[in-house]
>>> print(open('run09.txt').read())   # compact mmCIF, C-alpha atoms
# COMPACT_ATOMS: atom_id res chain seq x y z
CA ARG A 4 114.68 113.37 127.43
CA LEU A 5 113.91 111.10 124.50
CA ILE A 6 110.73 109.71 126.06
CA SER A 7 109.43 113.24 126.63
CA LEU A 8 109.23 113.69 122.84
CA PHE A 9 106.67 110.88 122.51
CA PRO A 10 103.00 110.52 123.47
CA GLU A 11 102.77 109.71 127.16
CA GLU A 12 101.58 106.17 126.43
CA LEU A 13 105.00 105.37 124.96
CA GLY A 14 106.85 105.43 128.24
CA GLN A 15 109.84 103.10 128.02
CA VAL A 16 112.96 102.76 125.87
CA ILE A 17 115.48 100.00 125.18
CA TYR A 18 118.75 101.02 123.53
CA ALA A 19 120.70 99.17 120.85
CA CYS A 20 123.43 100.11 118.36
CA THR A 21 121.82 99.91 114.91
CA GLY A 22 118.42 100.21 113.31
CA SER A 23 118.58 96.58 112.22
CA GLU A 24 119.14 95.52 115.84
CA ALA A 25 116.18 97.63 116.93
CA VAL A 26 113.92 96.11 114.25
CA ASP A 27 115.04 92.63 115.26
CA LEU A 28 114.27 93.39 118.92
CA ALA A 29 110.86 94.89 118.11
CA LEU A 30 109.92 91.74 116.17
CA ARG A 31 111.00 89.55 119.09
CA ILE A 32 108.91 91.62 121.50
CA ALA A 33 105.85 91.56 119.23
CA LYS A 34 105.99 87.82 118.69
CA TYR A 35 106.51 87.11 122.37
CA GLU A 36 103.76 89.47 123.50
CA THR A 37 101.14 88.13 121.07
CA GLY A 38 102.22 84.49 121.10
CA ARG A 39 102.00 84.51 117.31
CA GLU A 40 104.49 84.68 114.45
CA GLY A 41 102.98 86.45 111.45
CA VAL A 42 104.33 89.83 110.30
CA ILE A 43 102.92 91.99 107.49
CA VAL A 44 105.11 94.37 105.47
CA THR A 45 104.76 96.28 102.23
CA ARG A 46 105.93 94.63 99.04
CA HIS A 47 109.08 96.73 98.53
CA ALA A 48 109.87 97.62 102.15
CA TYR A 49 113.31 97.92 103.70
CA HIS A 50 113.79 97.43 107.44
CA GLY A 51 117.35 96.23 107.95
CA THR A 52 120.11 93.71 107.36
CA THR A 53 120.07 91.22 110.24
CA THR A 54 118.52 87.90 109.23
CA GLU A 55 115.17 88.74 110.81
CA ALA A 56 115.10 92.31 109.48
CA ALA A 57 116.22 91.21 106.02
CA THR A 58 113.39 88.68 105.97
CA ILE A 59 110.90 91.56 106.13
CA SER A 60 112.88 93.68 103.62
CA PRO A 61 111.78 92.58 100.13
CA SER A 62 113.57 95.56 98.58
CA LEU A 63 116.83 93.67 99.23
CA GLY A 64 115.98 91.50 96.22
CA PRO A 65 115.01 87.92 95.41
CA HIS A 66 117.93 86.29 97.25
CA ARG A 67 117.13 87.70 100.68
CA PRO A 68 116.02 85.32 103.48
CA LYS A 69 112.38 84.25 103.20
CA ALA A 70 109.96 82.84 105.77
CA ARG A 71 106.44 81.47 105.85
CA TRP A 72 105.53 83.90 108.65
CA VAL A 73 105.82 87.01 106.42
CA ARG A 74 103.04 88.39 104.23
CA TYR A 75 103.53 91.16 101.69
CA VAL A 76 100.93 93.75 100.76
CA ASP A 77 100.99 96.42 98.08
CA ALA A 78 101.90 99.80 99.56
CA PRO A 79 99.34 102.60 99.27
CA ASN A 80 99.47 104.43 95.96
CA THR A 81 98.29 107.88 96.86
CA SER A 82 98.81 109.20 93.33
CA LEU A 83 96.26 106.75 91.93
CA GLU A 84 94.08 105.97 94.94
CA GLY A 85 93.77 109.47 96.41
CA ALA A 86 91.47 109.67 99.40
CA GLU A 87 90.77 105.93 99.12
CA ALA A 88 94.42 105.02 99.71
CA GLY A 89 93.90 104.42 103.43
CA PRO A 90 90.76 102.24 103.22
CA LEU A 91 92.16 100.24 100.31
CA PHE A 92 95.44 99.67 102.11
CA ALA A 93 93.57 98.64 105.26
CA ALA A 94 91.58 96.12 103.22
CA ARG A 95 94.80 94.57 101.90
CA VAL A 96 96.20 94.33 105.43
CA ARG A 97 92.94 92.77 106.64
CA GLN A 98 93.18 90.10 103.93
CA ALA A 99 96.80 89.35 104.85
CA ILE A 100 95.80 88.96 108.51
CA ALA A 101 93.07 86.52 107.49
CA ASP A 102 95.60 84.54 105.47
CA LEU A 103 98.00 84.30 108.41
CA GLU A 104 95.22 83.18 110.72
CA ALA A 105 93.92 80.64 108.20
CA ASP A 106 97.23 78.80 107.86
CA GLY A 107 97.81 78.68 111.62
CA THR A 108 100.70 81.14 111.71
CA GLY A 109 98.67 83.80 113.47
CA PHE A 110 99.12 87.55 113.26
CA ALA A 111 101.67 89.27 115.48
CA ALA A 112 102.54 92.62 113.92
CA PHE A 113 102.36 95.07 111.06
CA ILE A 114 105.44 97.20 110.41
CA ALA A 115 105.87 100.23 108.16
CA ASP A 116 107.64 103.52 107.93
CA SER A 117 105.01 106.20 107.53
CA ILE A 118 106.61 107.82 104.48
CA PHE A 119 107.07 104.47 102.63
CA SER A 120 110.54 105.52 101.59
CA SER A 121 111.43 102.29 99.77
CA ASP A 122 107.99 101.92 98.20
CA GLY A 123 108.32 105.13 96.20
CA LEU A 124 107.29 107.63 98.92
CA GLN A 125 103.65 108.00 99.91
CA ALA A 126 102.84 110.95 102.14
CA ASP A 127 99.36 112.39 101.69
CA PRO A 128 96.62 112.67 102.62
CA ALA A 129 97.83 112.83 106.20
CA GLY A 130 95.89 110.31 108.26
CA PHE A 131 95.57 107.60 105.62
CA LEU A 132 97.32 105.10 107.92
CA LYS A 133 94.72 105.42 110.69
CA PRO A 134 92.40 102.74 109.23
CA VAL A 135 95.37 100.36 109.04
CA ALA A 136 96.22 100.87 112.71
CA ASP A 137 92.59 100.18 113.59
CA VAL A 138 92.60 96.92 111.59
CA VAL A 139 95.86 95.81 113.23
CA HIS A 140 94.62 96.45 116.77
CA ASP A 141 91.19 94.96 116.13
CA ALA A 142 92.97 91.74 115.13
CA GLY A 143 95.03 91.70 118.33
CA GLY A 144 98.30 92.57 116.61
CA LEU A 145 100.90 95.22 117.34
CA TYR A 146 101.61 98.25 115.18
CA LEU A 147 105.37 98.79 114.73
CA ALA A 148 106.36 102.25 113.47
CA ASP A 149 109.77 102.26 111.80
CA GLU A 150 110.81 105.87 112.33
CA VAL A 151 114.30 105.51 110.86
CA PRO A 152 113.26 107.24 107.58
CA PRO A 153 110.58 109.74 108.77
CA GLY A 154 111.56 110.47 112.37
CA PHE A 155 113.30 113.34 114.17
CA GLY A 156 111.16 115.91 112.35
CA ARG A 157 112.02 114.73 108.84
CA THR A 158 108.44 114.97 107.55
CA GLY A 159 107.81 118.39 109.10
CA GLY A 160 105.51 119.69 111.82
CA ALA A 161 106.15 116.98 114.42
CA TRP A 162 108.99 114.87 115.77
CA TRP A 163 107.64 111.59 114.40
CA GLY A 164 106.11 110.53 111.13
CA PHE A 165 103.33 108.52 112.75
CA VAL A 166 101.95 111.71 114.31
CA ARG A 167 100.89 112.94 110.84
CA HIS A 168 98.54 109.98 110.67
CA GLY A 169 96.97 110.33 114.10
CA ILE A 170 98.02 106.88 115.25
CA LEU A 171 99.55 105.50 118.44
CA PRO A 172 102.02 102.70 117.67
CA ASP A 173 102.76 99.96 120.15
CA LEU A 174 106.48 99.99 119.40
CA VAL A 175 108.58 102.67 117.68
CA ILE A 176 111.94 101.92 116.07
CA LEU A 177 114.70 104.53 115.94
CA GLY A 178 117.99 104.16 114.08
CA LYS A 179 120.83 105.99 112.37
CA PRO A 180 119.47 109.58 112.43
CA MET A 181 119.36 109.35 116.20
CA GLY A 182 123.13 109.76 116.55
CA ASN A 183 123.89 111.52 113.25
CA GLY A 184 126.37 108.77 112.35
CA MET A 185 127.23 107.46 115.80
CA PRO A 186 125.97 103.92 116.42
CA ILE A 187 122.85 104.22 118.52
CA SER A 188 119.27 103.05 118.07
CA ALA A 189 116.25 102.34 120.24
CA VAL A 190 112.88 100.70 120.63
CA VAL A 191 110.36 102.95 122.35
CA GLY A 192 107.14 101.32 123.49
CA ARG A 193 104.12 101.06 125.67
CA PRO A 194 105.23 99.68 129.06
CA GLU A 195 102.46 97.08 129.11
CA VAL A 196 103.77 95.69 125.80
CA LEU A 197 107.38 95.55 127.01
CA GLN A 198 106.65 94.24 130.51
CA ARG A 199 106.37 90.48 129.90
CA PHE A 200 109.28 90.38 127.48
CA GLY A 201 111.39 92.37 129.94
CA SER A 202 110.48 90.05 132.79
CA ASP A 203 110.98 86.77 130.95
CA MET A 204 113.85 87.41 128.54
CA ARG A 205 117.52 87.85 129.41
CA TYR A 206 118.10 90.60 126.85
CA PHE A 207 121.26 92.70 127.04
CA ASN A 208 123.25 94.79 124.58
CA THR A 209 126.91 95.33 125.42
CA PHE A 210 127.24 98.72 123.72
CA GLY A 211 123.58 99.73 123.53
CA GLY A 212 123.18 103.12 125.15
CA ASN A 213 126.92 103.54 125.78
CA SER A 214 127.84 106.96 127.14
CA VAL A 215 129.61 108.20 124.00
CA SER A 216 126.69 107.39 121.70
CA VAL A 217 124.19 108.81 124.20
CA ALA A 218 126.21 112.04 124.26
CA ALA A 219 126.00 112.18 120.47
CA ALA A 220 122.25 111.53 120.55
CA ASN A 221 121.83 114.30 123.13
CA ALA A 222 123.78 116.64 120.85
CA VAL A 223 121.42 115.80 117.99
CA LEU A 224 118.45 116.81 120.15
CA ASP A 225 120.31 119.98 121.18
CA VAL A 226 120.73 121.01 117.55
CA ILE A 227 117.20 120.10 116.45
CA GLU A 228 115.71 122.05 119.35
CA GLY A 229 118.25 124.86 119.64
CA ASP A 230 118.37 125.64 115.92
CA GLY A 231 114.61 125.31 115.42
CA LEU A 232 115.08 122.62 112.79
CA ILE A 233 111.54 121.26 112.85
CA GLY A 234 110.27 124.69 111.84
CA ASN A 235 113.04 124.90 109.24
CA ILE A 236 112.03 121.51 107.85
CA ALA A 237 108.43 122.66 107.43
CA THR A 238 109.22 125.99 105.75
CA VAL A 239 112.10 124.89 103.51
CA GLY A 240 110.19 121.69 102.78
CA ARG A 241 107.24 123.63 101.41
CA SER A 242 109.62 125.54 99.14
CA LEU A 243 111.25 122.28 98.06
CA GLY A 244 107.88 120.83 97.05
CA ALA A 245 106.90 123.99 95.19
CA GLY A 246 110.24 124.10 93.35
CA LEU A 247 110.01 120.46 92.30
CA ARG A 248 106.47 120.99 91.01
CA ASP A 249 107.62 124.02 89.01
CA ILE A 250 110.24 121.88 87.30
CA ALA A 251 107.76 119.06 86.75
CA ARG A 252 105.44 121.45 84.89
CA ASP A 253 108.24 122.21 82.46
CA TYR A 254 109.33 118.58 82.09
CA PRO A 255 106.24 116.32 82.14
CA VAL A 256 108.36 113.16 82.27
CA HIS A 257 108.11 113.99 85.98
CA SER A 258 104.59 112.63 86.28
CA ASP A 259 104.06 113.22 90.00
CA VAL A 260 105.69 115.02 92.92
CA ARG A 261 104.78 114.06 96.47
CA GLY A 262 106.24 114.27 99.92
CA ALA A 263 106.30 116.00 103.28
CA GLY A 264 108.86 118.11 105.08
CA LEU A 265 112.33 117.47 103.69
CA PHE A 266 111.43 114.15 102.06
CA TYR A 267 110.14 114.15 98.49
CA GLY A 268 109.67 111.69 95.67
CA VAL A 269 109.36 112.44 91.96
CA ASP A 270 108.02 109.82 89.54
CA VAL A 271 109.95 109.57 86.28
CA VAL A 272 108.12 108.11 83.25
CA THR A 273 109.18 107.37 79.69
CA ALA A 274 106.99 110.04 78.11
CA PRO A 275 104.35 112.56 79.24
CA ASP A 276 101.05 110.87 80.19
CA SER A 277 102.51 107.43 79.45
CA GLY A 278 102.47 106.18 83.03
CA THR A 279 105.35 103.85 82.09
CA ALA A 280 108.09 103.80 84.71
CA ASP A 281 111.48 104.97 83.46
CA LYS A 282 114.14 103.42 85.69
CA ASP A 283 116.94 104.33 83.30
CA GLY A 284 115.77 107.94 83.18
CA ALA A 285 115.69 108.15 86.97
CA GLU A 286 119.19 106.68 87.22
CA GLY A 287 120.38 109.14 84.60
CA ILE A 288 119.09 112.08 86.63
CA VAL A 289 120.66 110.70 89.83
CA ASN A 290 124.04 110.29 88.15
CA ALA A 291 123.91 113.65 86.35
CA LEU A 292 123.23 115.35 89.68
CA ARG A 293 126.09 113.40 91.24
CA GLU A 294 128.41 114.87 88.61
CA ARG A 295 127.32 118.26 89.96
CA ARG A 296 128.07 117.08 93.52
CA VAL A 297 124.40 116.82 94.42
CA LEU A 298 123.40 113.48 95.94
CA ILE A 299 119.93 111.96 95.69
CA SER A 300 118.86 108.37 95.03
CA SER A 301 116.04 106.37 93.48
CA SER A 302 113.31 104.32 95.09
CA GLY A 303 110.17 102.32 94.39
CA ALA A 304 109.47 98.83 93.12
CA GLU A 305 110.40 99.87 89.59
CA GLY A 306 113.29 102.13 90.60
CA ASN A 307 111.83 105.18 88.85
CA VAL A 308 111.14 107.44 91.83
CA LEU A 309 113.68 110.14 92.60
CA LYS A 310 114.25 110.07 96.36
CA ILE A 311 115.13 113.56 97.60
CA ARG A 312 116.07 113.75 101.28
CA PRO A 313 118.23 116.77 102.16
CA PRO A 314 119.91 117.26 105.54
CA LEU A 315 117.62 118.72 108.19
CA VAL A 316 119.81 121.84 108.29
CA PHE A 317 119.02 122.56 104.62
CA SER A 318 118.78 126.32 104.13
CA ASP A 319 117.09 128.51 101.54
CA ALA A 320 120.50 128.99 99.90
CA ASP A 321 121.05 125.23 99.79
CA LEU A 322 117.62 124.77 98.26
CA GLU A 323 118.30 127.39 95.61
CA GLU A 324 121.51 125.59 94.65
CA PHE A 325 119.76 122.20 94.53
CA LEU A 326 116.86 123.41 92.38
CA ALA A 327 119.23 125.20 90.00
CA SER A 328 121.26 122.01 89.59
CA PHE A 329 118.12 119.93 89.11
CA ARG A 330 116.77 122.28 86.45
CA ALA A 331 120.16 122.37 84.68
CA VAL A 332 120.24 118.57 84.53
CA MET A 333 116.77 118.52 83.00
CA GLU A 334 117.75 121.15 80.44
CA GLU A 335 120.70 118.99 79.42
CA HIS A 336 118.72 115.75 79.38
CA PRO A 337 115.05 116.71 78.91
CA ARG A 338 113.99 113.19 77.97
>>> encode(input="run09.txt", output="structure tokens")
Amino acid sequence: RLISLFPEELGQVIYACTGSEAVDLALRIAKYETGREGVIVTRHAYHGTTTEAATISPSLGPHRPKARWVRYVDAPNTSLEGAEAGPLFAARVRQAIADLEADGTGFAAFIADSIFSSDGLQADPAGFLKPVADVVHDAGGLYLADEVPPGFGRTGGAWWGFVRHGILPDLVILGKPMGNGMPISAVVGRPEVLQRFGSDMRYFNTFGGNSVSVAAANAVLDVIEGDGLIGNIATVGRSLGAGLRDIARDYPVHSDVRGAGLFYGVDVVTAPDSGTADKDGAEGIVNALRERRVLISSSGAEGNVLKIRPPLVFSDADLEEFLASFRAVMEEHPR
């Protein structure tokens, strides 16, 4: 049932218990398949908490594990780069590949979540990741799509975030949304990529794909399909974006609003037109909303991006309550 939701080229699945486990497994597969070690991630990415996943999660801070086989690239900045975001990002990835090849590490894989949730959210223009996928495949590497943040319809219009960009990943990583709190995750991939690893490695996972977690994951699919949530995400998401932009027009310390589906980011700056990130201001808004029992968080390298990610069942009434609370917070603390 799960495989049927993916492009036909992605025809096999391996189950695990957590997103971190799935990331770790995907890295093992990529390195074994390519015979190389190097992995490229964005500069403020988050991909998990196992040693291997933490090593490619710079957002965990300066004391995380580090390795010579990782290269960091600046995430796309669609607010500043616009239509050039994709080509510029691809150029940075190309340079990182060259660096890995030059020092003998070799290039195995590029990994990203297609909404760049820890890098301050970058959504549009849809398709800007296609040049990156082309660069990765031209260099003989694998494209790993971390669908923990954008998957299961979160970004609207399709089941998976990578679909918005017209790319075909080699491996797709699924995590916590898959079981709505139950421990289940997966790596979905092209059979030809998984074949040698599957033949040569004695991989097993004691509780991966256990019947209770699989029942929960099936129930998640039942609700998404039966309640028409992907359509709900698209329609309520458009209203969410419009409402956030209305508020931003009244309070220009919100310098940019961007997102897709039910996943939006709002840049908070110190003063209108200043362009100076305001981490304290963003934290103040997060905490003021929390006092009103509305939970959002902050994101981005400078911690100044409001990260707004409602449940997929978010209704028009829920949205009205959220926007009213958001506007009230801004009226109380306009600066």
>>> axis_aligned_box(input="run09.txt", around="region 181-198 of chain A", padding_each_side="4 Å", output="JSON")
{"center_x": 114.8, "center_y": 102.9, "center_z": 121.4, "size_x": 32.8, "size_y": 25.3, "size_z": 26.2}
>>> residues_around(input="run09.txt", residues="Ala142 (chain A)", least_positions_apart="5", cutoff="12 Å", atoms="all atoms listed in the file", output="PDB file with C-alpha atoms, keeping the file's coordinate frame")
ATOM      1  CA  THR A  37     101.140  88.130 121.070  1.00  0.00           C
ATOM      2  CA  ARG A  39     102.000  84.510 117.310  1.00  0.00           C
ATOM      3  CA  GLY A  41     102.980  86.450 111.450  1.00  0.00           C
ATOM      4  CA  VAL A  96      96.200  94.330 105.430  1.00  0.00           C
ATOM      5  CA  ARG A  97      92.940  92.770 106.640  1.00  0.00           C
ATOM      6  CA  GLN A  98      93.180  90.100 103.930  1.00  0.00           C
ATOM      7  CA  ALA A  99      96.800  89.350 104.850  1.00  0.00           C
ATOM      8  CA  ILE A 100      95.800  88.960 108.510  1.00  0.00           C
ATOM      9  CA  ALA A 101      93.070  86.520 107.490  1.00  0.00           C
ATOM     10  CA  LEU A 103      98.000  84.300 108.410  1.00  0.00           C
ATOM     11  CA  GLU A 104      95.220  83.180 110.720  1.00  0.00           C
ATOM     12  CA  GLY A 109      98.670  83.800 113.470  1.00  0.00           C
ATOM     13  CA  PHE A 110      99.120  87.550 113.260  1.00  0.00           C
ATOM     14  CA  ALA A 111     101.670  89.270 115.480  1.00  0.00           C
ATOM     15  CA  ALA A 112     102.540  92.620 113.920  1.00  0.00           C
ATOM     16  CA  PHE A 113     102.360  95.070 111.060  1.00  0.00           C
ATOM     17  CA  VAL A 135      95.370 100.360 109.040  1.00  0.00           C
ATOM     18  CA  ALA A 136      96.220 100.870 112.710  1.00  0.00           C
ATOM     19  CA  ASP A 137      92.590 100.180 113.590  1.00  0.00           C
TER      20      ASP A 137
END
>>> closest_residue(input="run09.txt", among="A:Gly144, A:Pro65, A:Gly130, A:Gly268", to="Ile170 (chain A)", atoms="only C-alpha atoms")
A:Gly130
>>> atom_distance(input="run09.txt", atom1="CA of Leu243 (chain A)", atom2="CA of Asp122 (chain A)")
20.6 Å
>>> residues_around(input="run09.txt", residues="Glu36 (chain A)", least_positions_apart="6", cutoff="12 Å", atoms="all atoms listed in the file", output="count of residues only")
22
>>> residues_around(input="run09.txt", residues="Ala291 (chain A)", least_positions_apart="4", cutoff="9 Å", atoms="all atoms listed in the file", output="list of chain:residue names")
A:Glu286, A:Gly287, A:Arg295, A:Arg296, A:Val297, A:Phe329, A:Val332, A:His336
>>> closest_residue(input="run09.txt", among="A:Ser328, A:Asn80, A:Thr238, A:Gln15", to="Ile299 (chain A)", atoms="all atoms listed in the file")
A:Ser328
>>> atom_distance(input="run09.txt", atom1="CA of Gly14 (chain A)", atom2="CA of Val190 (chain A)")
10.8 Å
>>> residues_around(input="run09.txt", residues="Asp102 (chain A)", least_positions_apart="6", cutoff="12 Å", atoms="all atoms listed in the file", output="MDAnalysis selection string")
chainID A and resid 41:43 71:76 95:96 108:110
>>> closest_residue(input="run09.txt", among="A:His47, A:Lys282, A:Arg248, A:Arg4", to="Val223 (chain A)", atoms="all atoms listed in the file")
A:Arg4
